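Next comes model_32.cif, a file with mmCIF, C-alpha atoms.
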data_upload
loop_
_atom_site.label_atom_id
_atom_site.label_comp_id
_atom_site.auth_asym_id
_atom_site.auth_seq_id
_atom_site.Cartn_x
_atom_site.Cartn_y
_atom_site.Cartn_z
CA MET M 1 0.00 0.00 0.00
CA THR M 2 1.12 3.54 -0.58
CA ASP M 3 1.78 5.71 2.43
CA GLN M 4 -0.91 8.35 2.57
CA GLY M 5 -0.58 9.30 6.22
CA PRO M 6 -3.38 8.73 8.72
CA GLY M 7 -6.68 7.30 7.55
CA PRO M 8 -7.53 4.49 5.17
CA ALA M 9 -5.42 4.08 2.05
CA ASP M 10 -7.07 4.38 -1.36
CA PRO M 11 -7.25 0.78 -2.65
CA GLU M 12 -7.10 1.98 -6.26
CA ARG M 13 -3.62 3.38 -5.59
CA ASP M 14 -2.42 0.03 -4.28
CA PRO M 15 -0.02 -1.50 -6.84
CA HIS M 16 -1.90 -4.80 -6.53
CA TRP M 17 -5.08 -3.10 -7.80
CA GLU M 18 -3.63 -3.43 -11.33
CA LEU M 19 -4.29 -7.17 -10.98
CA VAL M 20 -7.98 -6.39 -10.48
CA ARG M 21 -7.97 -4.07 -13.52
CA ALA M 22 -6.26 -6.75 -15.61
CA ALA M 23 -8.87 -9.31 -14.59
CA ALA M 24 -11.65 -6.83 -15.41
CA ARG M 25 -10.36 -6.48 -18.99
CA HIS M 26 -11.16 -10.14 -19.68
CA ARG M 27 -14.74 -10.99 -20.60
CA VAL M 28 -16.14 -13.61 -18.26
CA PRO M 29 -19.25 -15.52 -19.31
CA THR M 30 -22.22 -15.31 -16.98
CA PRO M 31 -22.25 -18.45 -14.83
CA ALA M 32 -25.01 -20.89 -15.71
CA GLY M 33 -28.13 -20.27 -13.65
CA LEU M 34 -27.00 -16.91 -12.22
CA VAL M 35 -29.79 -14.89 -13.83
CA GLU M 36 -32.42 -17.35 -12.63
CA ARG M 37 -31.00 -17.26 -9.09
CA VAL M 38 -31.05 -13.46 -9.03
CA LEU M 39 -34.63 -13.36 -10.28
CA ARG M 40 -35.64 -15.91 -7.64
CA SER M 41 -33.86 -13.76 -5.08
CA VAL M 42 -35.94 -10.73 -6.03
CA SER M 43 -39.19 -12.69 -5.85
CA GLY M 44 -37.94 -14.34 -2.66
CA VAL M 45 -38.40 -11.05 -0.79
CA ARG M 46 -42.13 -11.42 -1.19
CA GLY M 47 -42.13 -15.17 -0.84
CA ARG M 48 -43.65 -17.50 -3.38
CA ARG M 49 -47.41 -17.35 -3.73
CA GLY M 50 -49.02 -20.36 -2.18
CA ALA M 51 -45.72 -21.65 -0.82
CA PRO M 52 -46.35 -23.94 2.14
CA PRO M 53 -45.05 -22.76 5.51
CA ILE M 54 -41.59 -23.86 6.52
CA ALA M 55 -41.57 -26.36 9.38
CA LEU M 56 -38.62 -25.76 11.70
CA PRO M 57 -37.82 -28.33 14.39
CA SER M 58 -38.37 -27.17 17.96
CA GLU M 59 -38.57 -28.67 21.44
CA GLY M 60 -42.34 -28.89 21.29
CA GLY M 61 -42.52 -30.45 17.82
CA SER M 62 -42.15 -28.00 14.98
CA LEU M 63 -42.52 -24.28 14.37
CA SER M 64 -44.44 -23.35 11.22
CA VAL M 65 -43.27 -20.07 9.64
CA SER M 66 -44.17 -18.57 6.27
CA GLU M 67 -41.46 -18.37 3.63
CA THR M 68 -41.90 -14.59 3.44
CA VAL M 69 -41.28 -14.17 7.16
CA VAL M 70 -38.16 -16.35 7.08
CA VAL M 71 -36.70 -14.45 4.11
CA GLN M 72 -37.49 -11.00 5.52
CA LEU M 73 -36.12 -11.91 8.94
CA ALA M 74 -32.97 -13.38 7.37
CA ARG M 75 -32.52 -10.26 5.23
CA ALA M 76 -32.84 -7.96 8.26
CA VAL M 77 -30.47 -10.07 10.36
CA ALA M 78 -27.91 -10.38 7.54
CA ALA M 79 -27.96 -6.63 6.89
CA GLU M 80 -27.50 -5.90 10.60
CA VAL M 81 -24.62 -8.38 10.91
CA ALA M 82 -22.95 -7.05 7.73
CA GLU M 83 -23.26 -3.48 8.99
CA SER M 84 -21.23 -4.40 12.06
CA ALA M 85 -18.57 -6.06 9.87
CA ASP M 86 -16.17 -3.68 8.17
CA GLY M 87 -16.36 -3.80 4.38
CA VAL M 88 -19.25 -6.27 3.96
CA HIS M 89 -22.63 -5.51 2.36
CA VAL M 90 -25.60 -7.85 1.80
CA SER M 91 -27.14 -7.40 -1.63
CA ALA M 92 -29.81 -10.13 -1.63
CA VAL M 93 -31.34 -12.92 0.44
CA ALA M 94 -33.54 -15.68 -0.90
CA LEU M 95 -34.84 -19.09 0.07
CA ASP M 96 -33.92 -21.68 -2.56
CA ASP M 97 -34.49 -25.43 -2.16
CA GLY M 98 -35.10 -24.97 1.56
CA GLU M 99 -31.83 -23.13 2.18
CA LEU M 100 -31.19 -19.43 2.69
CA GLN M 101 -28.91 -17.92 0.05
CA VAL M 102 -27.21 -14.68 1.10
CA LEU M 103 -25.44 -12.71 -1.65
CA ALA M 104 -22.79 -10.35 -0.33
CA THR M 105 -20.17 -7.94 -1.61
CA VAL M 106 -16.90 -7.14 0.12
CA ARG M 107 -14.54 -4.19 0.02
CA PHE M 108 -11.21 -4.75 -1.75
CA GLY M 109 -8.76 -6.03 0.84
CA VAL M 110 -11.34 -7.90 2.94
CA ALA M 111 -10.71 -11.66 3.09
CA ALA M 112 -13.81 -12.90 1.27
CA ASP M 113 -13.79 -16.45 2.68
CA GLU M 114 -13.42 -15.22 6.25
CA ALA M 115 -16.11 -12.57 5.80
CA ALA M 116 -18.53 -15.11 4.29
CA GLY M 117 -17.89 -17.60 7.10
CA LEU M 118 -18.36 -14.97 9.78
CA LEU M 119 -21.56 -13.68 8.16
CA ARG M 120 -22.92 -17.24 7.80
CA ASP M 121 -22.17 -18.14 11.43
CA ARG M 122 -23.57 -14.92 12.91
CA VAL M 123 -26.73 -14.98 10.77
CA THR M 124 -27.33 -18.63 11.68
CA ASP M 125 -26.84 -17.93 15.39
CA GLU M 126 -29.10 -14.86 15.38
CA LEU M 127 -31.86 -16.61 13.43
CA ARG M 128 -31.67 -19.53 15.87
CA ARG M 129 -31.98 -17.08 18.77
CA GLN M 130 -34.93 -15.20 17.25
CA LEU M 131 -36.82 -18.23 15.96
CA GLY M 132 -36.11 -20.40 18.97
CA SER M 133 -35.24 -23.30 16.68
CA PRO M 134 -32.55 -24.18 14.13
CA PRO M 135 -33.06 -22.08 10.97
CA PRO M 136 -32.71 -23.34 7.41
CA THR M 137 -29.10 -23.76 6.28
CA VAL M 138 -27.51 -20.38 5.55
CA ASN M 139 -25.19 -20.17 2.53
CA VAL M 140 -23.23 -16.97 1.93
CA HIS M 141 -21.92 -16.21 -1.55
CA VAL M 142 -19.49 -13.32 -2.12
CA VAL M 143 -20.59 -12.09 -5.55
CA ASP M 144 -18.58 -8.87 -5.96
CA VAL M 145 -15.66 -6.81 -4.69
CA HIS M 146 -15.89 -3.01 -4.48
CA PRO M 147 -13.07 -0.46 -4.06
CA ASP M 148 -14.36 1.34 -0.95
#
Please re-express this file's structure in structure tokens.
Amino acid sequence: MTDQGPGPADPERDPHWELVRAAARHRVPTPAGLVERVLRSVSGVRGRRGAPPIALPSEGGSLSVSETVVVQLARAVAAEVAESADGVHVSAVALDDGELQVLATVRFGVAADEAAGLLRDRVTDELRRQLGSPPPTVNVHVVDVHPD
């Protein structure tokens, strides 16, 4: 990193940023199924019409919660957790095949794997606390890197 005195350094002035620019010059095909997953994510905010409630195991049997409630709660929890983590932002949350899919972006310089693991663990723990039962599996996907 270049020495710019106190305060955060500009990542675009980092000599390693040229590696990001070089990668950006190469056209990368859209991964198979990405568009469909994003569209499902958008509709996932509202929940699917007529979707049966999700049965979550609990001490007294099972807790029945609507898909919409689970997705909205997961979105709120994920956004709150990401806000407390430096350089992480949640861009979408959806329920797909019974699992929560959290799409996140990270600031350049943030260790993506560590950020995703931390976000996954904290969201899972907070959903467990709020629901009083184990939530659906939470998967976190880092889908983009931003400069600041």
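Within 8 Å of M:Leu95, once all atoms listed in the file are used and residues closer than 2 positions along the same chain are dropped, the contacting residues are Ser41, Gly44, Glu67, Val71, Val93, Asp97, Gly98, Glu99, Leu100 and Gln101 of chain M.
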Residues matched by the PyMOL selection byres ((chain M and resi 76-82) around 12), written as a short mmCIF file (atom, residue, chain, number, x, y, z; two decimals) with C-alpha atoms, in the coordinates of the input:
data_model
loop_
_atom_site.label_atom_id
_atom_site.label_comp_id
_atom_site.auth_asym_id
_atom_site.auth_seq_id
_atom_site.Cartn_x
_atom_site.Cartn_y
_atom_site.Cartn_z
CA VAL M 45 -38.40 -11.05 -0.79
CA VAL M 69 -41.28 -14.17 7.16
CA VAL M 70 -38.16 -16.35 7.08
CA VAL M 71 -36.70 -14.45 4.11
CA GLN M 72 -37.49 -11.00 5.52
CA LEU M 73 -36.12 -11.91 8.94
CA ALA M 74 -32.97 -13.38 7.37
CA ARG M 75 -32.52 -10.26 5.23
CA GLU M 83 -23.26 -3.48 8.99
CA SER M 84 -21.23 -4.40 12.06
CA ALA M 85 -18.57 -6.06 9.87
CA ASP M 86 -16.17 -3.68 8.17
CA GLY M 87 -16.36 -3.80 4.38
CA VAL M 88 -19.25 -6.27 3.96
CA HIS M 89 -22.63 -5.51 2.36
CA VAL M 90 -25.60 -7.85 1.80
CA SER M 91 -27.14 -7.40 -1.63
CA ALA M 92 -29.81 -10.13 -1.63
CA VAL M 93 -31.34 -12.92 0.44
CA ALA M 94 -33.54 -15.68 -0.90
CA LEU M 100 -31.19 -19.43 2.69
CA GLN M 101 -28.91 -17.92 0.05
CA VAL M 102 -27.21 -14.68 1.10
CA LEU M 103 -25.44 -12.71 -1.65
CA ALA M 104 -22.79 -10.35 -0.33
CA THR M 105 -20.17 -7.94 -1.61
CA VAL M 106 -16.90 -7.14 0.12
CA ARG M 107 -14.54 -4.19 0.02
CA ALA M 115 -16.11 -12.57 5.80
CA ALA M 116 -18.53 -15.11 4.29
CA GLY M 117 -17.89 -17.60 7.10
CA LEU M 118 -18.36 -14.97 9.78
CA LEU M 119 -21.56 -13.68 8.16
CA ARG M 120 -22.92 -17.24 7.80
CA ASP M 121 -22.17 -18.14 11.43
CA ARG M 122 -23.57 -14.92 12.91
CA VAL M 123 -26.73 -14.98 10.77
CA THR M 124 -27.33 -18.63 11.68
CA ASP M 125 -26.84 -17.93 15.39
CA GLU M 126 -29.10 -14.86 15.38
CA LEU M 127 -31.86 -16.61 13.43
CA ARG M 128 -31.67 -19.53 15.87
CA ARG M 129 -31.98 -17.08 18.77
CA GLN M 130 -34.93 -15.20 17.25
CA LEU M 131 -36.82 -18.23 15.96
CA VAL M 138 -27.51 -20.38 5.55
CA ASN M 139 -25.19 -20.17 2.53
CA VAL M 140 -23.23 -16.97 1.93
#
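Between atom CA of M:Asp113 and atom CA of M:Pro134 there is a distance of 23.3 Å.
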- Message: Going by the chain IDs and residue numbers used in this file, which residues fall under the PyMOL selection byres ((chain M and resi 59) around 12)? Write them as an NGL selection string.
- Response: :M and (56-58 or 60-63 or 131-134)
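Taking atom CA of M:Val142 and atom CA of M:Ala55 as endpoints, the distance between them is 28.1 Å.
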M:Asp148 surroundings by all atoms listed in the file, 10 Å radius, close-in-sequence under 6 positions cut, as an mmCIF file with C-alpha atoms, in the coordinates of the input:
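Heads up, here's the output in part_20.cif:
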data_model
loop_
_atom_site.group_PDB
_atom_site.id
_atom_site.type_symbol
_atom_site.label_atom_id
_atom_site.label_comp_id
_atom_site.auth_asym_id
_atom_site.auth_seq_id
_atom_site.Cartn_x
_atom_site.Cartn_y
_atom_site.Cartn_z
ATOM 1 C CA PRO M 8 -7.530 4.490 5.170
ATOM 2 C CA ALA M 9 -5.420 4.080 2.050
ATOM 3 C CA ASP M 10 -7.070 4.380 -1.360
ATOM 4 C CA PRO M 11 -7.250 0.780 -2.650
ATOM 5 C CA GLU M 12 -7.100 1.980 -6.260
ATOM 6 C CA GLY M 87 -16.360 -3.800 4.380
ATOM 7 C CA VAL M 106 -16.900 -7.140 0.120
ATOM 8 C CA ARG M 107 -14.540 -4.190 0.020
ATOM 9 C CA PHE M 108 -11.210 -4.750 -1.750
ATOM 10 C CA GLY M 109 -8.760 -6.030 0.840
#
- Hey, what comes out of the PyMOL selection byres ((chain M and resi 54) around 6) on this file? Could you write it as JSON, numbers by chain? {"M": [53, 55, 64, 65, 66]}
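Of note, atom CA of M:Gly33 and atom CA of M:Pro52 are spaced 24.4 Å apart.
Take the candidates M:Val20, M:Ala51, M:Pro15, M:Glu114 and check each one against M:Pro147 using only C-alpha atoms; the shortest distance goes to M:Val20.
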Reconstructed stretch 85-96 of chain M, atom set all heavy atoms, as a short mmCIF file (atom, residue, chain, number, x, y, z; two decimals), in the coordinates of the input:
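out_1.cif, written as the output of this step:
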data_model
loop_
_atom_site.label_atom_id
_atom_site.label_comp_id
_atom_site.auth_asym_id
_atom_site.auth_seq_id
_atom_site.Cartn_x
_atom_site.Cartn_y
_atom_site.Cartn_z
N ALA M 85 -19.84 -5.56 10.43
CA ALA M 85 -18.57 -6.06 9.87
C ALA M 85 -18.02 -5.02 8.91
O ALA M 85 -18.75 -4.51 8.06
CB ALA M 85 -18.80 -7.38 9.14
N ASP M 86 -16.77 -4.70 9.02
CA ASP M 86 -16.17 -3.68 8.17
C ASP M 86 -15.99 -4.19 6.75
O ASP M 86 -15.35 -5.22 6.52
CB ASP M 86 -14.82 -3.26 8.76
CG ASP M 86 -14.20 -2.09 8.03
OD1 ASP M 86 -14.96 -1.21 7.57
OD2 ASP M 86 -12.97 -2.06 7.92
N GLY M 87 -16.58 -3.49 5.78
CA GLY M 87 -16.36 -3.80 4.38
C GLY M 87 -17.24 -4.88 3.79
O GLY M 87 -16.95 -5.39 2.72
N VAL M 88 -18.34 -5.23 4.46
CA VAL M 88 -19.25 -6.27 3.96
C VAL M 88 -20.64 -5.66 3.76
O VAL M 88 -21.11 -4.89 4.60
CB VAL M 88 -19.34 -7.46 4.95
CG1 VAL M 88 -20.29 -8.53 4.42
CG2 VAL M 88 -17.97 -8.04 5.21
N HIS M 89 -21.27 -6.01 2.65
CA HIS M 89 -22.63 -5.51 2.36
C HIS M 89 -23.46 -6.67 1.82
O HIS M 89 -22.99 -7.44 0.98
CB HIS M 89 -22.58 -4.40 1.31
CG HIS M 89 -23.92 -3.95 0.87
ND1 HIS M 89 -24.74 -3.16 1.64
CD2 HIS M 89 -24.60 -4.20 -0.27
CE1 HIS M 89 -25.87 -2.94 0.99
NE2 HIS M 89 -25.82 -3.56 -0.16
N VAL M 90 -24.70 -6.80 2.29
CA VAL M 90 -25.60 -7.85 1.80
C VAL M 90 -26.43 -7.25 0.68
O VAL M 90 -27.07 -6.22 0.85
CB VAL M 90 -26.51 -8.37 2.94
CG1 VAL M 90 -27.58 -9.30 2.39
CG2 VAL M 90 -25.68 -9.08 3.98
N SER M 91 -26.39 -7.92 -0.49
CA SER M 91 -27.14 -7.40 -1.63
C SER M 91 -28.45 -8.14 -1.88
O SER M 91 -29.36 -7.58 -2.47
CB SER M 91 -26.27 -7.42 -2.89
OG SER M 91 -25.73 -8.69 -3.11
N ALA M 92 -28.57 -9.38 -1.43
CA ALA M 92 -29.81 -10.13 -1.63
C ALA M 92 -29.86 -11.32 -0.69
O ALA M 92 -28.83 -11.85 -0.29
CB ALA M 92 -29.93 -10.60 -3.07
N VAL M 93 -31.10 -11.71 -0.36
CA VAL M 93 -31.34 -12.92 0.44
C VAL M 93 -32.54 -13.61 -0.17
O VAL M 93 -33.53 -12.96 -0.50
CB VAL M 93 -31.61 -12.59 1.93
CG1 VAL M 93 -31.96 -13.85 2.70
CG2 VAL M 93 -30.44 -11.87 2.56
N ALA M 94 -32.43 -14.91 -0.35
CA ALA M 94 -33.54 -15.68 -0.90
C ALA M 94 -33.55 -17.07 -0.28
O ALA M 94 -32.55 -17.53 0.26
CB ALA M 94 -33.41 -15.80 -2.42
N LEU M 95 -34.71 -17.70 -0.36
CA LEU M 95 -34.84 -19.09 0.07
C LEU M 95 -34.92 -19.93 -1.20
O LEU M 95 -35.78 -19.71 -2.05
CB LEU M 95 -36.10 -19.27 0.91
CG LEU M 95 -36.24 -20.62 1.58
CD1 LEU M 95 -35.20 -20.76 2.69
CD2 LEU M 95 -37.62 -20.79 2.17
N ASP M 96 -33.98 -20.85 -1.36
CA ASP M 96 -33.92 -21.68 -2.56
C ASP M 96 -33.69 -23.12 -2.12
O ASP M 96 -32.72 -23.42 -1.42
CB ASP M 96 -32.78 -21.19 -3.45
CG ASP M 96 -32.74 -21.87 -4.80
OD1 ASP M 96 -33.81 -22.28 -5.30
OD2 ASP M 96 -31.64 -21.99 -5.36
#
